[in-house]
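J.: What follows is the file upload-v5.txt, containing compact mmCIF, C-alpha atoms:
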```txt
# COMPACT_ATOMS: atom_id res chain seq x y z
CA MET W 1 1.38 -14.02 -16.02
CA TYR W 2 2.39 -16.08 -13.01
CA TYR W 3 -0.30 -14.41 -10.90
CA LEU W 4 -2.97 -15.13 -13.53
CA TRP W 5 -1.92 -18.79 -13.58
CA TRP W 6 -1.81 -18.92 -9.78
CA LYS W 7 -5.37 -17.58 -9.65
CA THR W 8 -6.51 -20.89 -11.19
CA THR W 9 -4.89 -23.03 -8.45
CA PRO W 10 -6.53 -24.30 -5.22
CA GLU W 11 -4.21 -22.06 -3.16
CA SER W 12 -5.87 -18.96 -4.61
CA VAL W 13 -9.27 -19.53 -2.99
CA ILE W 14 -10.50 -16.13 -1.97
CA SER W 15 -12.78 -14.84 0.75
CA GLU W 16 -14.25 -11.37 0.35
CA GLY W 17 -16.66 -9.01 2.00
CA ASN W 18 -17.61 -5.43 2.75
CA ILE W 19 -17.78 -3.24 5.82
CA THR W 20 -19.40 0.13 6.38
CA SER W 21 -16.91 2.67 7.68
CA ARG W 22 -18.47 6.05 8.43
CA ASP W 23 -19.94 7.09 5.08
CA ALA W 24 -18.37 4.51 2.77
CA ASN W 25 -18.60 0.86 1.85
CA ILE W 26 -15.10 -0.65 1.97
CA HIS W 27 -14.36 -3.86 0.08
CA TYR W 28 -11.76 -6.38 1.22
CA VAL W 29 -10.45 -9.80 0.21
CA THR W 30 -8.34 -12.41 1.96
CA TYR W 31 -6.27 -15.30 0.69
CA GLY W 32 -4.84 -18.27 2.55
CA SER W 33 -4.51 -18.87 6.26
CA GLY W 34 -1.90 -18.44 8.96
CA SER W 35 -0.27 -15.39 10.48
CA PRO W 36 -1.95 -12.32 8.94
CA ILE W 37 -0.25 -9.82 6.69
CA LEU W 38 -2.06 -6.71 5.43
CA LEU W 39 -1.19 -5.19 2.06
CA LEU W 40 -2.14 -1.54 1.46
CA HIS W 41 -2.02 -0.15 -2.07
CA GLY W 42 -1.26 3.41 -3.16
CA GLY W 43 -3.41 6.21 -4.52
CA LEU W 44 -4.80 5.85 -8.06
CA SER W 45 -4.22 2.09 -8.09
CA HIS W 46 -6.07 -0.75 -6.38
CA ARG W 47 -5.49 -4.00 -4.51
CA PHE W 48 -4.22 -6.09 -7.42
CA ILE W 49 -1.00 -4.08 -7.69
CA TRP W 50 0.34 -6.73 -5.28
CA PHE W 51 0.25 -9.46 -7.96
CA SER W 52 4.00 -10.10 -7.54
CA GLN W 53 3.65 -10.64 -3.79
CA ILE W 54 0.27 -12.35 -3.22
CA PRO W 55 1.05 -15.88 -4.48
CA TRP W 56 4.39 -16.10 -2.69
CA LEU W 57 3.02 -14.83 0.62
CA VAL W 58 0.03 -17.18 0.49
CA ASN W 59 2.20 -20.16 -0.48
CA SER W 60 4.53 -19.35 2.43
CA GLY W 61 1.67 -19.90 4.89
CA ARG W 62 0.42 -16.37 5.52
CA GLN W 63 -3.13 -15.05 5.52
CA VAL W 64 -3.02 -12.13 3.07
CA ILE W 65 -5.53 -9.32 3.58
CA LEU W 66 -6.14 -6.69 0.92
CA LEU W 67 -8.63 -3.88 0.70
CA ASP W 68 -9.57 -1.29 -1.86
CA THR W 69 -9.11 2.10 -0.22
CA ARG W 70 -11.85 4.69 -0.52
CA GLY W 71 -12.92 5.33 -4.09
CA HIS W 72 -10.68 2.62 -5.52
CA GLY W 73 -11.72 -0.74 -6.91
CA ASP W 74 -14.93 -1.94 -5.27
CA SER W 75 -14.91 0.58 -2.39
CA ASP W 76 -17.00 3.75 -2.17
CA LEU W 77 -15.35 7.15 -1.91
CA GLY W 78 -17.91 8.59 0.49
CA ASP W 79 -18.32 12.30 1.13
CA SER W 80 -15.62 12.80 3.78
CA GLU W 81 -12.42 14.64 2.94
CA LEU W 82 -9.71 12.06 2.33
CA SER W 83 -6.99 11.80 4.96
CA TYR W 84 -4.51 9.13 5.99
CA HIS W 85 -6.17 8.97 9.39
CA LEU W 86 -9.53 8.24 7.71
CA MET W 87 -8.01 5.49 5.56
CA ALA W 88 -6.29 4.01 8.61
CA ASP W 89 -9.62 4.03 10.43
CA ASP W 90 -11.22 2.19 7.49
CA THR W 91 -8.46 -0.39 7.76
CA ILE W 92 -9.10 -0.92 11.47
CA GLN W 93 -12.77 -1.56 10.68
CA VAL W 94 -11.74 -4.29 8.22
CA LEU W 95 -9.41 -5.90 10.79
CA ASP W 96 -12.24 -5.82 13.34
CA GLN W 97 -14.59 -7.50 10.87
CA LEU W 98 -12.00 -10.26 10.35
CA SER W 99 -11.31 -10.54 14.12
CA ILE W 100 -7.61 -9.80 13.51
CA GLN W 101 -6.11 -8.23 16.61
CA LYS W 102 -2.59 -7.72 15.27
CA THR W 103 -0.98 -7.95 11.86
CA ASP W 104 2.17 -7.25 9.89
CA VAL W 105 1.60 -4.48 7.34
CA ILE W 106 3.18 -3.79 3.96
CA GLY W 107 2.20 -0.49 2.39
CA TRP W 108 3.21 1.10 -0.88
CA SER W 109 3.05 4.87 -1.54
CA ASP W 110 -0.19 6.11 0.10
CA GLY W 111 -0.44 2.65 1.63
CA ALA W 112 2.91 3.19 3.33
CA ASN W 113 1.67 6.50 4.71
CA THR W 114 -1.48 4.81 5.99
CA ALA W 115 0.60 2.07 7.60
CA LEU W 116 2.62 4.64 9.55
CA GLN W 117 -0.62 6.33 10.62
CA LEU W 118 -1.87 2.96 11.86
CA ALA W 119 1.28 2.51 13.94
CA LEU W 120 1.00 6.01 15.38
CA VAL W 121 -2.69 5.84 16.39
CA TRP W 122 -3.31 2.09 16.80
CA PRO W 123 0.14 0.64 17.67
CA GLN W 124 -1.42 -2.32 19.46
CA ARG W 125 -2.96 -3.53 16.17
CA VAL W 126 0.29 -3.53 14.22
CA HIS W 127 3.31 -5.80 14.51
CA ARG W 128 5.96 -5.03 11.88
CA ILE W 129 5.71 -2.56 9.00
CA ILE W 130 7.33 -2.36 5.59
CA ALA W 131 6.78 1.13 4.19
CA ILE W 132 7.65 1.24 0.49
CA SER W 133 7.94 4.60 -1.30
CA GLY W 134 6.08 6.53 1.39
CA ASN W 135 6.65 9.99 2.81
CA SER W 136 6.01 11.69 6.14
CA ASP W 137 5.38 15.14 4.61
CA PRO W 138 4.51 16.52 1.14
CA SER W 139 7.93 18.19 1.06
CA GLY W 140 9.44 14.73 0.72
CA LEU W 141 8.25 14.47 -2.87
CA THR W 142 10.65 15.38 -5.63
CA THR W 143 9.95 18.71 -7.36
CA GLU W 144 8.74 16.86 -10.45
CA ALA W 145 6.40 14.68 -8.38
CA GLN W 146 4.96 17.74 -6.63
CA MET W 147 4.21 19.36 -9.98
CA ASN W 148 2.78 16.19 -11.54
CA GLY W 149 0.65 15.59 -8.46
CA GLN W 150 -1.33 18.74 -9.23
CA GLU W 151 -2.06 17.83 -12.86
CA ARG W 152 -5.26 16.01 -13.79
CA SER W 153 -4.89 13.03 -16.08
CA SER W 154 -6.07 13.31 -19.67
CA GLY W 155 -6.09 11.37 -22.91
CA LEU W 156 -4.78 7.83 -22.74
CA THR W 157 -3.58 8.36 -19.16
CA TYR W 158 -7.13 9.17 -18.09
CA TRP W 159 -8.51 6.00 -19.65
CA PHE W 160 -5.66 3.97 -18.14
CA TYR W 161 -6.50 5.30 -14.67
CA ARG W 162 -10.18 4.45 -15.16
CA TRP W 163 -9.07 0.82 -15.42
CA TRP W 164 -6.00 0.83 -13.14
CA THR W 165 -7.88 2.34 -10.19
CA GLY W 166 -11.00 0.26 -10.76
CA ALA W 167 -12.94 3.52 -10.39
CA GLY W 168 -14.34 3.72 -13.91
CA ASP W 169 -16.87 6.56 -14.10
CA ARG W 170 -15.95 7.58 -10.54
CA LEU W 171 -12.42 8.56 -11.54
CA ASP W 172 -12.97 12.33 -11.78
CA LYS W 173 -14.20 12.60 -8.19
CA LEU W 174 -11.56 10.19 -6.93
CA GLU W 175 -8.71 11.98 -8.69
CA THR W 176 -9.79 15.33 -7.25
CA SER W 177 -9.79 13.88 -3.74
CA ILE W 178 -6.48 12.05 -4.12
CA ARG W 179 -4.57 14.98 -5.61
CA THR W 180 -5.86 17.20 -2.81
CA LEU W 181 -4.67 14.60 -0.31
CA TRP W 182 -1.18 14.56 -1.84
CA GLN W 183 -0.87 18.31 -1.44
CA SER W 184 -2.22 18.42 2.11
CA GLY W 185 -0.62 15.40 3.74
CA PRO W 186 0.74 13.48 5.39
CA HIS W 187 2.20 15.55 8.20
CA LEU W 188 4.10 13.25 10.54
CA THR W 189 6.53 15.31 12.60
CA ALA W 190 9.85 14.09 13.91
CA ALA W 191 8.14 13.69 17.31
CA ASP W 192 5.37 11.61 15.69
CA LEU W 193 7.88 9.31 14.03
CA ARG W 194 9.75 8.83 17.30
CA LYS W 195 6.49 7.70 18.92
CA ILE W 196 6.26 4.79 16.50
CA LYS W 197 7.94 1.91 18.31
CA ASN W 198 7.07 -0.86 15.86
CA PRO W 199 9.89 -2.30 13.76
CA VAL W 200 9.69 -0.49 10.41
CA LEU W 201 11.60 -1.21 7.21
CA VAL W 202 11.56 1.92 5.04
CA VAL W 203 12.13 1.10 1.37
CA VAL W 204 12.72 3.59 -1.42
CA GLY W 205 13.82 3.34 -5.03
CA GLU W 206 17.07 5.02 -6.00
CA HIS W 207 15.10 7.15 -8.48
CA ASP W 208 11.82 7.28 -6.59
CA LEU W 209 9.26 10.08 -6.43
CA ILE W 210 10.33 10.45 -2.79
CA THR W 211 13.74 12.03 -2.27
CA LEU W 212 16.48 9.92 -0.72
CA ASP W 213 17.26 12.65 1.80
CA HIS W 214 13.66 12.70 3.04
CA THR W 215 13.50 8.92 3.25
CA GLU W 216 16.78 8.67 5.14
CA LYS W 217 15.60 11.23 7.68
CA MET W 218 12.27 9.48 8.06
CA ALA W 219 13.91 6.11 8.71
CA SER W 220 16.41 7.59 11.19
CA ARG W 221 13.64 9.27 13.21
CA LEU W 222 11.66 6.08 13.67
CA ALA W 223 12.45 4.41 16.98
CA ASN W 224 13.08 1.04 15.28
CA GLY W 225 13.51 2.07 11.68
CA LYS W 226 15.72 0.48 9.04
CA LEU W 227 16.40 1.79 5.54
CA ALA W 228 16.72 -0.09 2.26
CA ILE W 229 17.39 1.57 -1.10
CA VAL W 230 16.52 -0.38 -4.24
CA PRO W 231 19.24 0.29 -6.86
CA ASP W 232 17.88 1.74 -10.11
CA GLY W 233 14.36 1.52 -8.69
CA GLY W 234 11.67 4.12 -9.23
CA HIS W 235 8.26 4.48 -7.60
CA LEU W 236 6.91 1.17 -8.96
CA THR W 237 9.47 -1.20 -7.46
CA ILE W 238 6.84 -3.60 -6.10
CA PHE W 239 6.50 -4.96 -9.63
CA THR W 240 9.42 -3.52 -11.62
CA HIS W 241 11.86 -4.87 -9.01
CA ALA W 242 9.66 -7.55 -7.48
CA ARG W 243 12.50 -10.00 -6.78
CA GLU W 244 14.42 -7.44 -4.74
CA ILE W 245 11.28 -6.24 -2.94
CA ASN W 246 10.27 -9.81 -2.09
CA ARG W 247 13.75 -10.54 -0.73
CA LEU W 248 13.56 -7.44 1.47
CA ILE W 249 10.11 -8.48 2.69
CA GLY W 250 11.25 -12.04 3.31
CA ASN W 251 14.35 -11.02 5.25
CA PHE W 252 12.49 -8.50 7.41
CA LEU W 253 9.50 -10.73 8.17
CA ALA W 254 11.43 -14.02 8.24
CA ILE W 255 9.50 -15.45 5.29
CA PRO W 256 11.48 -17.95 3.17
CA THR W 257 12.02 -17.01 -0.45
CA SER W 258 13.21 -19.18 -3.31
CA ASN W 259 13.83 -18.87 -7.01
CA GLU W 260 10.48 -20.55 -7.58
CA ASP W 261 8.71 -17.88 -5.54
CA ASP W 262 10.42 -14.88 -7.15
CA HIS W 263 8.24 -14.03 -10.12
CA ASP W 264 8.17 -10.60 -11.79
```
Represent the structure of the file as structure tokens.

T.:
Amino acid sequence: MYYLWWKTTPESVISEGNITSRDANIHYVTYGSGSPILLLHGGLSHRFIWFSQIPWLVNSGRQVILLDTRGHGDSDLGDSELSYHLMADDTIQVLDQLSIQKTDVIGWSDGANTALQLALVWPQRVHRIIAISGNSDPSGLTTEAQMNGQERSSGLTYWFYRWWTGAGDRLDKLETSIRTLWQSGPHLTAADLRKIKNPVLVVVGEHDLITLDHTEKMASRLANGKLAIVPDGGHLTIFTHAREINRLIGNFLAIPTSNEDDHD
């Protein structure tokens, strides 16, 4: 509700555009001005999942950049096989379009995986990273998550995803691509993680779809990794535990938080 109210204020003025990346049209939006911060959403969602973070970050004096990843929201899926490298490359094209040479990055789920891929391949374009509920290998998913990741949505869940992803009639093709991606990647080795020199805060919910053991190993292998576990949190902490997530973001990126800014 706070986000919907904020959208009516002068601070919420939005700039948006599209870029062509390989075989797909990628849509992006920006809010505010100042030091840039890129927010990357997860699979089978879209950019507005960050409704608990956008107003606070903009009001704190940051330029917030969001994009719809391939097949989500207002972006095309294209014909290429989905990979985290491809989605990272799309992201670089957006940053180039906006003339942003370096940015902080916050990624959730697939967005966290894409953020780590950005740091591995394009470290010079990334400053600090907050990777929320991401994994470096499919084995990091809980057994339940691995099983659910292979099941196609149906019934009310299917219609919810049509809206939640912004894909509408494109959902069937998108869901096939995304569930294939979850089974095939990512595959960041221990050596890959050690190559990432950027400061990285790895965040996981206590009851996440990513196992705590996997997340702890991932954080420890990063050259400058830190770990934060959200008590009682699941995979949706960015809005179910928004106050705690925003405090973690604020502390790591030196962004002031206040009771007024912490809205669930």

J.: How would you write as a PyMOL selection string the residues that get within 10 Å of (-20.1, 12.6, 1.5) in the file's frame, counting only C-alpha atoms?

T.: chain W and resi 22-24+77-81

J.: Atom CA of W:Val94 and atom CA of W:Val64 are how many Å apart?

T.: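 It comes out at 12.8 Å.
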
J.: Do you know which residues are at most 10 Å from W:Thr91 counting only C-alpha atoms, after dropping those on the same chain fewer than 3 positions away, and could you put them as a list in words?

T.: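 That gives Ile19, Ser21, Ile26, Tyr28, Leu38, Leu40, Leu66, Leu67, Asp68, Thr69, His85, Leu86, Met87, Ala88, Val94, Leu95, Asp96, Gln97, Thr114, Ala115 and Leu118 of chain W.
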
J.: From the set W:Thr103, W:Asn148, W:Thr257, W:Ser15, which residue has the shortest atom-to-atom contact distance to W:Arg125, counting all atoms listed in the file?

T.: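 When distances to W:Arg125 are compared using all atoms listed in the file, the smallest one comes from W:Thr103.
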
J.: How many Å separate atom CA of W:Ser154 from atom CA of W:Gly71?

T.: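 Spanning atom CA of W:Ser154 to atom CA of W:Gly71 is a straight-line distance of 18.8 Å.
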
J.: Looking at W:Leu4, W:Val121, W:Leu227, W:Met147, which one is nearest to W:Trp182, with distances taken over all atoms listed in the file?

T.: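 For W:Trp182, the nearest of the given residues is W:Met147.
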
J.: Out of W:Trp6, W:Val230, W:Trp164, W:Asp104, which residue has the shortest atom-to-atom distance to W:Arg243 when counting only C-alpha atoms?

T.: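 Ranked by minimum distance to W:Arg243, first place goes to W:Val230.
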
J.: For W:Leu171, which of W:Gln93, W:Gln53, W:Asn113, W:Ser45 is the closest residue, counting all atoms listed in the file?

T.: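 Among W:Gln93, W:Gln53, W:Asn113, W:Ser45, it is W:Ser45 that comes nearest to W:Leu171.
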
J.: Can you list, as a list in words, every protein, DNA or RNA residue that comes within 6 Å of W:His72 when you count only C-alpha atoms, leaving out same-chain residues fewer than 5 positions away?

T.: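 So, after excluding close chain neighbours, the residues are His46, Thr165, Gly166 and Ala167 of chain W.
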
J.: Using all atoms listed in the file, what residues lie at most 12 Å away from (3.0, -15.5, 0.7) (file coordinates), given as a ChimeraX atom specification?

T.: /W:11-12,30-39,50-65,246-247,249-250,253-258,261-262

J.: Set the distance at 6 Å and use only C-alpha atoms: which residues neighbour W:Gly205 once local chain neighbours fewer than 4 positions away are removed? I'd like the list as a list in words.

T.: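 Counting only the stated atoms, we get Ile229, Val230, Gly233 and Gly234 of chain W.
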
J.: Just to confirm, what's the straight-line distance from atom CA of W:Leu98 to atom CA of W:Ile14 in Å (one decimal)?

T.: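 For atom CA of W:Leu98 relative to atom CA of W:Ile14, the distance reads 13.7 Å.
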
J.: Supply stretch 175-186 of chain W as a PDB file, in the coordinates of the input, with all heavy atoms built in where the input has gaps.

T.:
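The new file result_22.pdb reads:
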```pdb
ATOM      1  N   GLU W 175      -9.972  11.300  -8.389  1.00  0.00           N
ATOM      2  CA  GLU W 175      -8.710  11.980  -8.690  1.00  0.00           C
ATOM      3  C   GLU W 175      -8.647  13.346  -8.016  1.00  0.00           C
ATOM      4  O   GLU W 175      -7.593  13.748  -7.503  1.00  0.00           O
ATOM      5  CB  GLU W 175      -8.553  12.123 -10.209  1.00  0.00           C
ATOM      6  CG  GLU W 175      -7.158  12.505 -10.620  1.00  0.00           C
ATOM      7  CD  GLU W 175      -6.939  12.412 -12.117  1.00  0.00           C
ATOM      8  OE1 GLU W 175      -7.892  12.105 -12.859  1.00  0.00           O
ATOM      9  OE2 GLU W 175      -5.792  12.671 -12.551  1.00  0.00           O
ATOM     10  N   THR W 176      -9.765  14.051  -7.957  1.00  0.00           N
ATOM     11  CA  THR W 176      -9.790  15.330  -7.250  1.00  0.00           C
ATOM     12  C   THR W 176      -9.443  15.141  -5.783  1.00  0.00           C
ATOM     13  O   THR W 176      -8.633  15.888  -5.217  1.00  0.00           O
ATOM     14  CB  THR W 176     -11.181  15.978  -7.377  1.00  0.00           C
ATOM     15  OG1 THR W 176     -11.447  16.266  -8.758  1.00  0.00           O
ATOM     16  CG2 THR W 176     -11.255  17.267  -6.571  1.00  0.00           C
ATOM     17  N   SER W 177     -10.033  14.135  -5.162  1.00  0.00           N
ATOM     18  CA  SER W 177      -9.790  13.880  -3.740  1.00  0.00           C
ATOM     19  C   SER W 177      -8.355  13.446  -3.474  1.00  0.00           C
ATOM     20  O   SER W 177      -7.712  13.907  -2.520  1.00  0.00           O
ATOM     21  CB  SER W 177     -10.760  12.810  -3.225  1.00  0.00           C
ATOM     22  OG  SER W 177     -12.097  13.244  -3.307  1.00  0.00           O
ATOM     23  N   ILE W 178      -7.831  12.577  -4.322  1.00  0.00           N
ATOM     24  CA  ILE W 178      -6.480  12.050  -4.120  1.00  0.00           C
ATOM     25  C   ILE W 178      -5.429  13.139  -4.325  1.00  0.00           C
ATOM     26  O   ILE W 178      -4.483  13.273  -3.527  1.00  0.00           O
ATOM     27  CB  ILE W 178      -6.207  10.872  -5.077  1.00  0.00           C
ATOM     28  CG1 ILE W 178      -6.924   9.616  -4.567  1.00  0.00           C
ATOM     29  CG2 ILE W 178      -4.710  10.604  -5.204  1.00  0.00           C
ATOM     30  CD1 ILE W 178      -6.331   9.014  -3.303  1.00  0.00           C
ATOM     31  N   ARG W 179      -5.578  13.942  -5.355  1.00  0.00           N
ATOM     32  CA  ARG W 179      -4.570  14.980  -5.610  1.00  0.00           C
ATOM     33  C   ARG W 179      -4.615  16.062  -4.534  1.00  0.00           C
ATOM     34  O   ARG W 179      -3.578  16.658  -4.207  1.00  0.00           O
ATOM     35  CB  ARG W 179      -4.749  15.547  -7.018  1.00  0.00           C
ATOM     36  CG  ARG W 179      -4.469  14.495  -8.098  1.00  0.00           C
ATOM     37  CD  ARG W 179      -4.378  15.054  -9.488  1.00  0.00           C
ATOM     38  NE  ARG W 179      -4.223  13.988 -10.475  1.00  0.00           N
ATOM     39  CZ  ARG W 179      -3.073  13.374 -10.756  1.00  0.00           C
ATOM     40  NH1 ARG W 179      -1.977  13.731 -10.114  1.00  0.00           N
ATOM     41  NH2 ARG W 179      -3.016  12.409 -11.667  1.00  0.00           N
ATOM     42  N   THR W 180      -5.774  16.294  -3.959  1.00  0.00           N
ATOM     43  CA  THR W 180      -5.860  17.200  -2.810  1.00  0.00           C
ATOM     44  C   THR W 180      -5.154  16.597  -1.609  1.00  0.00           C
ATOM     45  O   THR W 180      -4.428  17.287  -0.874  1.00  0.00           O
ATOM     46  CB  THR W 180      -7.341  17.484  -2.456  1.00  0.00           C
ATOM     47  OG1 THR W 180      -7.980  18.118  -3.567  1.00  0.00           O
ATOM     48  CG2 THR W 180      -7.435  18.395  -1.241  1.00  0.00           C
ATOM     49  N   LEU W 181      -5.342  15.297  -1.402  1.00  0.00           N
ATOM     50  CA  LEU W 181      -4.670  14.600  -0.310  1.00  0.00           C
ATOM     51  C   LEU W 181      -3.154  14.704  -0.439  1.00  0.00           C
ATOM     52  O   LEU W 181      -2.447  14.961   0.551  1.00  0.00           O
ATOM     53  CB  LEU W 181      -5.085  13.129  -0.309  1.00  0.00           C
ATOM     54  CG  LEU W 181      -4.358  12.195   0.674  1.00  0.00           C
ATOM     55  CD1 LEU W 181      -4.733  12.539   2.109  1.00  0.00           C
ATOM     56  CD2 LEU W 181      -4.685  10.731   0.360  1.00  0.00           C
ATOM     57  N   TRP W 182      -2.633  14.513  -1.641  1.00  0.00           N
ATOM     58  CA  TRP W 182      -1.180  14.560  -1.840  1.00  0.00           C
ATOM     59  C   TRP W 182      -0.592  15.929  -1.527  1.00  0.00           C
ATOM     60  O   TRP W 182       0.552  16.030  -1.105  1.00  0.00           O
ATOM     61  CB  TRP W 182      -0.858  14.179  -3.289  1.00  0.00           C
ATOM     62  CG  TRP W 182      -1.103  12.736  -3.603  1.00  0.00           C
ATOM     63  CD1 TRP W 182      -1.273  11.706  -2.716  1.00  0.00           C
ATOM     64  CD2 TRP W 182      -1.223  12.159  -4.907  1.00  0.00           C
ATOM     65  NE1 TRP W 182      -1.498  10.524  -3.383  1.00  0.00           N
ATOM     66  CE2 TRP W 182      -1.472  10.764  -4.740  1.00  0.00           C
ATOM     67  CE3 TRP W 182      -1.160  12.684  -6.194  1.00  0.00           C
ATOM     68  CZ2 TRP W 182      -1.637   9.895  -5.808  1.00  0.00           C
ATOM     69  CZ3 TRP W 182      -1.337  11.815  -7.259  1.00  0.00           C
ATOM     70  CH2 TRP W 182      -1.554  10.435  -7.073  1.00  0.00           C
ATOM     71  N   GLN W 183      -1.372  16.970  -1.724  1.00  0.00           N
ATOM     72  CA  GLN W 183      -0.870  18.310  -1.440  1.00  0.00           C
ATOM     73  C   GLN W 183      -1.015  18.687   0.034  1.00  0.00           C
ATOM     74  O   GLN W 183      -0.277  19.536   0.533  1.00  0.00           O
ATOM     75  CB  GLN W 183      -1.630  19.332  -2.303  1.00  0.00           C
ATOM     76  CG  GLN W 183      -1.387  19.171  -3.803  1.00  0.00           C
ATOM     77  CD  GLN W 183      -2.246  20.095  -4.638  1.00  0.00           C
ATOM     78  OE1 GLN W 183      -2.262  21.302  -4.417  1.00  0.00           O
ATOM     79  NE2 GLN W 183      -2.986  19.543  -5.592  1.00  0.00           N
ATOM     80  N   SER W 184      -1.941  18.034   0.722  1.00  0.00           N
ATOM     81  CA  SER W 184      -2.220  18.420   2.110  1.00  0.00           C
ATOM     82  C   SER W 184      -1.619  17.492   3.151  1.00  0.00           C
ATOM     83  O   SER W 184      -1.594  17.822   4.342  1.00  0.00           O
ATOM     84  CB  SER W 184      -3.740  18.480   2.328  1.00  0.00           C
ATOM     85  OG  SER W 184      -4.319  17.201   2.119  1.00  0.00           O
ATOM     86  N   GLY W 185      -1.135  16.346   2.753  1.00  0.00           N
ATOM     87  CA  GLY W 185      -0.620  15.400   3.740  1.00  0.00           C
ATOM     88  C   GLY W 185       0.326  14.405   3.101  1.00  0.00           C
ATOM     89  O   GLY W 185       0.537  14.438   1.884  1.00  0.00           O
ATOM     90  N   PRO W 186       0.912  13.554   3.935  1.00  0.00           N
ATOM     91  CA  PRO W 186       0.740  13.480   5.390  1.00  0.00           C
ATOM     92  C   PRO W 186       1.573  14.558   6.098  1.00  0.00           C
ATOM     93  O   PRO W 186       2.390  15.222   5.463  1.00  0.00           O
ATOM     94  CB  PRO W 186       1.265  12.089   5.725  1.00  0.00           C
ATOM     95  CG  PRO W 186       2.346  11.870   4.692  1.00  0.00           C
ATOM     96  CD  PRO W 186       1.832  12.518   3.436  1.00  0.00           C
TER      97      PRO W 186
END
```
